[in-house]
>>> print(open('structure-v4.txt').read())   # compact mmCIF, C-alpha atoms
# COMPACT_ATOMS: atom_id res chain seq x y z
CA MET A 1 17.53 65.69 42.45
CA THR A 2 17.72 62.53 44.53
CA ILE A 3 15.07 59.81 44.70
CA ASP A 4 13.89 61.15 48.07
CA GLN A 5 13.14 64.51 46.47
CA ILE A 6 10.83 63.00 43.87
CA PRO A 7 7.17 63.43 44.95
CA GLU A 8 5.82 60.14 46.30
CA PHE A 9 3.23 59.56 43.56
CA TRP A 10 5.96 59.86 40.88
CA ARG A 11 8.56 57.98 42.95
CA GLY A 12 6.30 54.95 43.50
CA PHE A 13 5.30 54.94 39.84
CA LEU A 14 8.92 55.09 38.64
CA VAL A 15 10.07 52.46 41.14
CA ASP A 16 7.33 50.12 39.85
CA ILE A 17 8.41 50.69 36.24
CA ASP A 18 12.04 50.10 37.23
CA ALA A 19 11.08 46.81 38.90
CA ALA A 20 9.41 45.60 35.68
CA LEU A 21 12.47 46.20 33.51
CA THR A 22 14.86 43.38 32.66
CA GLU A 23 17.61 45.59 31.19
CA GLU A 24 18.75 49.20 31.37
CA THR A 25 16.13 51.33 29.67
CA ALA A 26 16.39 55.02 28.81
CA LEU A 27 13.37 57.25 28.32
CA HIS A 28 13.72 60.59 26.53
CA CYS A 29 11.25 62.86 28.31
CA ILE A 30 9.48 66.09 27.34
CA GLY A 31 6.43 68.01 28.49
CA GLY A 32 5.06 68.97 31.88
CA PHE A 33 7.00 66.31 33.76
CA VAL A 34 10.29 67.84 32.60
CA ILE A 35 9.03 71.38 33.21
CA THR A 36 8.18 70.49 36.81
CA MET A 37 10.82 67.94 37.81
CA ARG A 38 13.83 69.38 35.95
CA TYR A 39 13.05 73.09 35.69
CA GLY A 40 11.03 73.63 38.87
CA SER A 41 7.61 74.77 37.65
CA ASP A 42 4.76 74.20 40.07
CA ARG A 43 2.21 73.45 37.36
CA LYS A 44 0.41 70.12 37.69
CA THR A 45 0.81 67.23 35.31
CA SER A 46 -0.35 63.63 35.50
CA ASP A 47 1.60 62.20 32.58
CA LEU A 48 5.21 61.59 31.71
CA ASP A 49 5.62 62.29 28.00
CA ILE A 50 8.26 60.19 26.30
CA VAL A 51 9.53 60.52 22.74
CA MET A 52 12.03 57.67 22.75
CA LEU A 53 12.57 54.38 24.53
CA ILE A 54 16.01 52.75 24.31
CA PRO A 55 16.35 49.86 23.77
CA ARG A 56 13.08 49.12 22.08
CA ASP A 57 12.39 45.83 23.80
CA PRO A 58 9.66 43.99 21.84
CA ASN A 59 8.90 41.88 24.93
CA LEU A 60 8.06 44.88 27.11
CA ASP A 61 5.19 47.20 26.30
CA LEU A 62 5.74 50.06 28.73
CA ILE A 63 2.55 51.79 27.65
CA SER A 64 0.48 48.70 28.53
CA LEU A 65 2.35 48.50 31.83
CA ALA A 66 2.28 52.19 32.75
CA GLY A 67 0.16 54.06 30.20
CA LYS A 68 -3.22 55.69 30.63
CA GLY A 69 -5.71 53.24 32.17
CA SER A 70 -3.00 50.73 33.15
CA PRO A 71 -2.79 49.17 36.62
CA LEU A 72 0.16 51.47 37.46
CA HIS A 73 -1.88 54.49 36.38
CA GLN A 74 -4.77 53.35 38.57
CA ARG A 75 -2.43 52.74 41.52
CA HIS A 76 -0.39 55.97 41.32
CA GLY A 77 -2.63 58.41 39.45
CA VAL A 78 0.07 59.19 36.86
CA TYR A 79 0.98 57.51 33.58
CA LEU A 80 3.44 57.27 30.68
CA ASP A 81 2.40 58.81 27.39
CA SER A 82 4.28 57.97 24.21
CA VAL A 83 4.26 61.18 22.19
CA THR A 84 4.48 60.58 18.48
CA VAL A 85 3.39 63.94 17.11
CA ALA A 86 5.76 66.40 18.81
CA LYS A 87 8.69 67.39 16.65
CA LEU A 88 12.10 67.94 18.21
CA PRO A 89 15.21 69.62 16.81
CA ILE A 90 17.41 67.24 14.84
CA ASP A 91 20.21 66.89 17.41
CA TYR A 92 18.10 67.01 20.60
CA ASP A 93 19.52 63.67 21.78
CA GLU A 94 23.02 65.15 21.97
CA ARG A 95 21.81 67.62 24.63
CA LEU A 96 19.88 65.31 26.98
CA THR A 97 20.47 65.48 30.73
CA GLU A 98 19.88 62.52 33.03
CA MET A 99 17.28 63.53 35.60
CA PHE A 100 17.86 61.15 38.50
CA PRO A 101 21.28 59.53 38.04
CA GLY A 102 21.67 56.39 40.12
CA ALA A 103 18.14 56.57 41.55
CA PHE A 104 16.87 53.43 39.83
CA ASN A 105 18.37 50.05 38.97
CA ARG A 106 17.47 49.90 35.27
CA LEU A 107 15.36 52.97 34.50
CA ARG A 108 17.11 56.09 33.26
CA LEU A 109 15.14 59.25 32.55
CA PHE A 110 16.61 61.93 30.29
CA ALA A 111 15.23 65.46 29.94
CA VAL A 112 15.51 67.48 26.78
CA ASP A 113 17.24 70.82 27.23
CA PRO A 114 15.03 73.89 27.71
CA TYR A 115 15.37 75.12 24.11
CA ASP A 116 14.38 71.75 22.70
CA LEU A 117 11.54 71.58 25.21
CA VAL A 118 10.21 74.96 24.06
CA LEU A 119 10.50 73.99 20.41
CA SER A 120 8.70 70.67 21.01
CA LYS A 121 5.60 72.74 21.84
CA ILE A 122 5.66 75.11 18.87
CA GLU A 123 3.23 73.25 16.61
CA ARG A 124 0.59 72.74 19.30
CA ASN A 125 0.86 76.19 20.94
CA VAL A 126 -2.01 75.80 23.44
CA GLU A 127 -2.27 77.96 26.55
CA ARG A 128 -0.26 75.64 28.81
CA ASP A 129 2.50 75.60 26.19
CA ARG A 130 2.65 79.39 26.27
CA PHE A 131 2.68 79.25 30.08
CA ASP A 132 5.64 76.85 29.92
CA VAL A 133 7.48 79.03 27.40
CA ARG A 134 7.00 82.13 29.59
CA TYR A 135 8.13 80.14 32.64
CA LEU A 136 11.31 78.88 30.95
CA GLY A 137 11.97 82.32 29.46
CA ARG A 138 12.00 83.82 32.98
CA THR A 139 13.58 80.94 34.88
CA ILE A 140 16.44 79.74 32.66
CA PRO A 141 16.53 82.55 31.17
CA LEU A 142 16.43 81.62 27.51
CA ASP A 143 18.97 83.07 25.07
CA LEU A 144 16.67 84.16 22.26
CA ASP A 145 19.39 84.02 19.60
CA ARG A 146 20.06 80.39 20.52
CA LEU A 147 16.33 79.62 20.42
CA LYS A 148 16.01 81.17 16.93
CA SER A 149 19.12 79.45 15.66
CA ARG A 150 18.00 76.05 16.88
CA TYR A 151 14.56 76.60 15.39
CA TYR A 152 15.83 77.62 11.94
CA ASP A 153 18.76 75.18 11.78
CA GLU A 154 17.29 72.06 13.38
CA LEU A 155 13.50 72.17 13.47
CA ARG A 156 12.05 74.33 10.72
CA PRO A 157 13.20 72.07 7.83
CA ASP A 158 11.02 69.24 9.23
CA LEU A 159 7.87 71.26 9.89
CA PHE A 160 4.73 70.71 7.84
CA VAL A 161 3.67 74.39 7.82
CA PRO A 162 6.83 76.31 8.75
CA GLU A 163 5.33 79.73 8.02
CA ARG A 164 2.75 79.22 10.78
CA GLU A 165 5.43 78.17 13.26
CA ASP A 166 7.59 81.14 12.18
CA LEU A 167 4.77 83.37 13.43
CA THR A 168 4.43 81.36 16.65
CA LEU A 169 8.15 81.69 17.32
CA LYS A 170 7.97 85.45 16.68
CA LEU A 171 5.07 85.80 19.12
CA TRP A 172 6.83 83.65 21.73
CA ILE A 173 10.00 85.73 21.46
CA GLU A 174 7.97 88.91 21.94
CA MET A 175 6.22 87.31 24.91
CA ILE A 176 9.56 86.34 26.49
CA GLU A 177 11.06 89.79 25.84
CA GLU A 178 8.08 91.43 27.52
CA GLY A 179 8.43 89.09 30.48
CA THR A 180 4.71 88.26 30.45
>>> encode(input="structure-v4.txt", output="structure tokens")
Amino acid sequence: MTIDQIPEFWRGFLVDIDAALTEETALHCIGGFVITMRYGSDRKTSDLDIVMLIPRDPNLDLISLAGKGSPLHQRHGVYLDSVTVAKLPIDYDERLTEMFPGAFNRLRLFAVDPYDLVLSKIERNVERDRFDVRYLGRTIPLDLDRLKSRYYDELRPDLFVPEREDLTLKLWIEMIEEGT
């Protein structure tokens, strides 16, 4: 996707963030922004969920600059959200894909792969998460053996209540198999 293909409200927001940066900065992105911008869902989202900022510049607080209630949020109607509770598979960062290569001077946005994206939602499991899982299951389509393997090998050991998430994964796999 080129910069011209980014919807204007996101493009202006990202250009403003890029202009505020003094060095190359990478954001690891999850959530609805990735579902829509990388994987083509038409569901609405007003936040860009990030799980990692590299480098961690102590002189730049991106959430103050572009988070909920910030001047950039008020100007563009969208905002950055630093997600600290979502768990990701151990090696997610080895599978990142740059979303808009060369579109910005210093800002680089990286999307997690679809399996890691699905697994980042497993603990919350609200209706929009199930919608996203069904969407990715149809659109990608997801290889269910790969999803299970990544869950058991890279995510489950770090979960607080793995038995609950085992059931969620089982239900999600059934949902994907049924195509609903």
>>> residues_around(input="structure-v4.txt", residues="Glu23 (chain A)", least_positions_apart="4", cutoff="12 Å", atoms="all atoms listed in the file", output="list in words")
Ile17, Asp18, Ala19, Ile54, Pro55, Arg56, Asp57, Asn59, Leu60, Phe104, Asn105, Arg106, Leu107 and Arg108 of chain A
>>> closest_residue(input="structure-v4.txt", among="A:Tyr152, A:Arg134, A:Glu177, A:Pro157", to="Ile35 (chain A)", atoms="all atoms listed in the file")
A:Arg134
>>> residues_around(input="structure-v4.txt", residues="Asn125 (chain A)", least_positions_apart="5", cutoff="10 Å", atoms="all atoms listed in the file", output="VMD selection string")
chain A and resid 118 to 120 130 to 131 133 165 168 to 169 172
>>> write_last_selection(input="structure-v4.txt", atoms="C-alpha atoms", output="PDB file, in the frame of the given file")
ATOM      1  CA  VAL A 118      10.210  74.960  24.060  1.00  0.00           C
ATOM      2  CA  LEU A 119      10.500  73.990  20.410  1.00  0.00           C
ATOM      3  CA  SER A 120       8.700  70.670  21.010  1.00  0.00           C
ATOM      4  CA  ARG A 130       2.650  79.390  26.270  1.00  0.00           C
ATOM      5  CA  PHE A 131       2.680  79.250  30.080  1.00  0.00           C
ATOM      6  CA  VAL A 133       7.480  79.030  27.400  1.00  0.00           C
ATOM      7  CA  GLU A 165       5.430  78.170  13.260  1.00  0.00           C
ATOM      8  CA  THR A 168       4.430  81.360  16.650  1.00  0.00           C
ATOM      9  CA  LEU A 169       8.150  81.690  17.320  1.00  0.00           C
ATOM     10  CA  TRP A 172       6.830  83.650  21.730  1.00  0.00           C
TER      11      TRP A 172
END
>>> closest_residue(input="structure-v4.txt", among="A:Val78, A:Ala26, A:Leu117, A:Val83", to="Asp49 (chain A)", atoms="all atoms listed in the file")
A:Val83
>>> residues_around(input="structure-v4.txt", residues="Leu62 (chain A)", least_positions_apart="3", cutoff="9 Å", atoms="all atoms listed in the file", output="PyMOL selection string")
chain A and resi 17+65-67+80
>>> atom_distance(input="structure-v4.txt", atom1="CA of Glu163 (chain A)", atom2="CA of Lys148 (chain A)")
14.0 Å
>>> residues_around(input="structure-v4.txt", residues="Gly137 (chain A)", least_positions_apart="5", cutoff="8 Å", atoms="all atoms listed in the file", output="ChimeraX atom specification")
/A:142,176,179
>>> decode(input="structure-v4.txt", residues="region 20-58 of chain A", atoms="N, CA and C atoms", output="mmCIF file, in the first residue's frame")
data_model
loop_
_atom_site.group_PDB
_atom_site.id
_atom_site.type_symbol
_atom_site.label_atom_id
_atom_site.label_comp_id
_atom_site.auth_asym_id
_atom_site.auth_seq_id
_atom_site.Cartn_x
_atom_site.Cartn_y
_atom_site.Cartn_z
ATOM 1 N N ALA A 20 7.108 14.904 13.755
ATOM 2 C CA ALA A 20 7.556 15.154 15.124
ATOM 3 C C ALA A 20 8.772 14.319 15.517
ATOM 4 N N LEU A 21 9.085 13.306 14.750
ATOM 5 C CA LEU A 21 10.185 12.409 15.097
ATOM 6 C C LEU A 21 11.533 13.009 14.725
ATOM 7 N N THR A 22 12.530 12.736 15.545
ATOM 8 C CA THR A 22 13.883 13.222 15.265
ATOM 9 C C THR A 22 14.806 12.102 14.792
ATOM 10 N N GLU A 23 14.345 10.859 14.883
ATOM 11 C CA GLU A 23 15.128 9.721 14.408
ATOM 12 C C GLU A 23 14.164 8.636 13.923
ATOM 13 N N GLU A 24 14.700 7.680 13.177
ATOM 14 C CA GLU A 24 13.851 6.589 12.693
ATOM 15 C C GLU A 24 13.222 5.883 13.879
ATOM 16 N N THR A 25 11.918 5.695 13.791
ATOM 17 C CA THR A 25 11.152 5.090 14.874
ATOM 18 C C THR A 25 10.239 4.025 14.305
ATOM 19 N N ALA A 26 10.300 2.838 14.880
ATOM 20 C CA ALA A 26 9.472 1.716 14.440
ATOM 21 C C ALA A 26 8.380 1.453 15.465
ATOM 22 N N LEU A 27 7.169 1.281 14.991
ATOM 23 C CA LEU A 27 6.047 0.915 15.839
ATOM 24 C C LEU A 27 5.588 -0.485 15.451
ATOM 25 N N HIS A 28 5.464 -1.369 16.430
ATOM 26 C CA HIS A 28 4.921 -2.704 16.201
ATOM 27 C C HIS A 28 3.422 -2.612 16.455
ATOM 28 N N CYS A 29 2.635 -2.863 15.432
ATOM 29 C CA CYS A 29 1.197 -2.599 15.462
ATOM 30 C C CYS A 29 0.369 -3.877 15.504
ATOM 31 N N ILE A 30 -0.738 -3.808 16.248
ATOM 32 C CA ILE A 30 -1.713 -4.901 16.315
ATOM 33 C C ILE A 30 -3.104 -4.284 16.200
ATOM 34 N N GLY A 31 -4.122 -5.103 16.359
ATOM 35 C CA GLY A 31 -5.487 -4.615 16.489
ATOM 36 C C GLY A 31 -6.181 -4.263 15.191
ATOM 37 N N GLY A 32 -7.244 -3.467 15.346
ATOM 38 C CA GLY A 32 -8.108 -3.110 14.229
ATOM 39 C C GLY A 32 -7.402 -2.380 13.107
ATOM 40 N N PHE A 33 -6.419 -1.554 13.440
ATOM 41 C CA PHE A 33 -5.671 -0.843 12.399
ATOM 42 C C PHE A 33 -5.002 -1.839 11.463
ATOM 43 N N VAL A 34 -4.383 -2.862 12.012
ATOM 44 C CA VAL A 34 -3.719 -3.876 11.189
ATOM 45 C C VAL A 34 -4.758 -4.689 10.421
ATOM 46 N N ILE A 35 -5.840 -5.051 11.079
ATOM 47 C CA ILE A 35 -6.909 -5.814 10.411
ATOM 48 C C ILE A 35 -7.415 -5.052 9.185
ATOM 49 N N THR A 36 -7.578 -3.741 9.319
ATOM 50 C CA THR A 36 -8.131 -2.962 8.202
ATOM 51 C C THR A 36 -7.070 -2.584 7.169
ATOM 52 N N MET A 37 -5.952 -2.053 7.618
ATOM 53 C CA MET A 37 -4.961 -1.512 6.683
ATOM 54 C C MET A 37 -4.092 -2.599 6.044
ATOM 55 N N ARG A 38 -3.821 -3.666 6.746
ATOM 56 C CA ARG A 38 -2.955 -4.723 6.200
ATOM 57 C C ARG A 38 -3.751 -5.868 5.591
ATOM 58 N N TYR A 39 -4.874 -6.225 6.250
ATOM 59 C CA TYR A 39 -5.608 -7.409 5.829
ATOM 60 C C TYR A 39 -6.961 -7.106 5.198
ATOM 61 N N GLY A 40 -7.294 -5.823 5.033
ATOM 62 C CA GLY A 40 -8.419 -5.429 4.197
ATOM 63 C C GLY A 40 -9.811 -5.465 4.784
ATOM 64 N N SER A 41 -9.952 -5.631 6.084
ATOM 65 C CA SER A 41 -11.292 -5.613 6.683
ATOM 66 C C SER A 41 -11.888 -4.217 6.563
ATOM 67 N N ASP A 42 -13.206 -4.154 6.470
ATOM 68 C CA ASP A 42 -13.854 -2.847 6.392
ATOM 69 C C ASP A 42 -14.414 -2.401 7.749
ATOM 70 N N ARG A 43 -14.033 -3.088 8.809
ATOM 71 C CA ARG A 43 -14.521 -2.666 10.122
ATOM 72 C C ARG A 43 -13.855 -1.357 10.529
ATOM 73 N N LYS A 44 -14.547 -0.572 11.296
ATOM 74 C CA LYS A 44 -14.059 0.757 11.698
ATOM 75 C C LYS A 44 -13.196 0.653 12.951
ATOM 76 N N THR A 45 -12.181 1.494 12.979
ATOM 77 C CA THR A 45 -11.358 1.617 14.175
ATOM 78 C C THR A 45 -10.841 3.046 14.247
ATOM 79 N N SER A 46 -10.703 3.556 15.450
ATOM 80 C CA SER A 46 -10.212 4.929 15.605
ATOM 81 C C SER A 46 -8.888 4.976 16.359
ATOM 82 N N ASP A 47 -8.311 3.802 16.624
ATOM 83 C CA ASP A 47 -7.021 3.802 17.308
ATOM 84 C C ASP A 47 -6.026 2.905 16.585
ATOM 85 N N LEU A 48 -4.776 3.219 16.789
ATOM 86 C CA LEU A 48 -3.670 2.432 16.257
ATOM 87 C C LEU A 48 -2.977 1.837 17.471
ATOM 88 N N ASP A 49 -3.204 0.533 17.691
ATOM 89 C CA ASP A 49 -2.636 -0.153 18.847
ATOM 90 C C ASP A 49 -1.185 -0.496 18.577
ATOM 91 N N ILE A 50 -0.316 -0.082 19.512
ATOM 92 C CA ILE A 50 1.100 -0.418 19.381
ATOM 93 C C ILE A 50 1.549 -1.201 20.611
ATOM 94 N N VAL A 51 2.426 -2.171 20.373
ATOM 95 C CA VAL A 51 2.950 -2.971 21.486
ATOM 96 C C VAL A 51 4.428 -2.691 21.722
ATOM 97 N N MET A 52 5.062 -2.011 20.782
ATOM 98 C CA MET A 52 6.490 -1.735 20.919
ATOM 99 C C MET A 52 6.835 -0.489 20.127
ATOM 100 N N LEU A 53 7.711 0.300 20.700
ATOM 101 C CA LEU A 53 8.253 1.499 20.075
ATOM 102 C C LEU A 53 9.770 1.366 20.117
ATOM 103 N N ILE A 54 10.409 1.465 18.945
ATOM 104 C CA ILE A 54 11.868 1.318 18.870
ATOM 105 C C ILE A 54 12.440 2.484 18.071
ATOM 106 N N PRO A 55 13.409 3.230 18.550
ATOM 107 C CA PRO A 55 13.966 3.136 19.902
ATOM 108 C C PRO A 55 13.011 3.776 20.900
ATOM 109 N N ARG A 56 13.238 3.490 22.133
ATOM 110 C CA ARG A 56 12.435 4.104 23.196
ATOM 111 C C ARG A 56 13.087 5.416 23.569
ATOM 112 N N ASP A 57 12.708 6.451 22.874
ATOM 113 C CA ASP A 57 13.291 7.778 23.056
ATOM 114 C C ASP A 57 12.674 8.435 24.287
ATOM 115 N N PRO A 58 13.450 8.645 25.359
ATOM 116 C CA PRO A 58 12.895 9.249 26.573
ATOM 117 C C PRO A 58 12.482 10.708 26.368
#
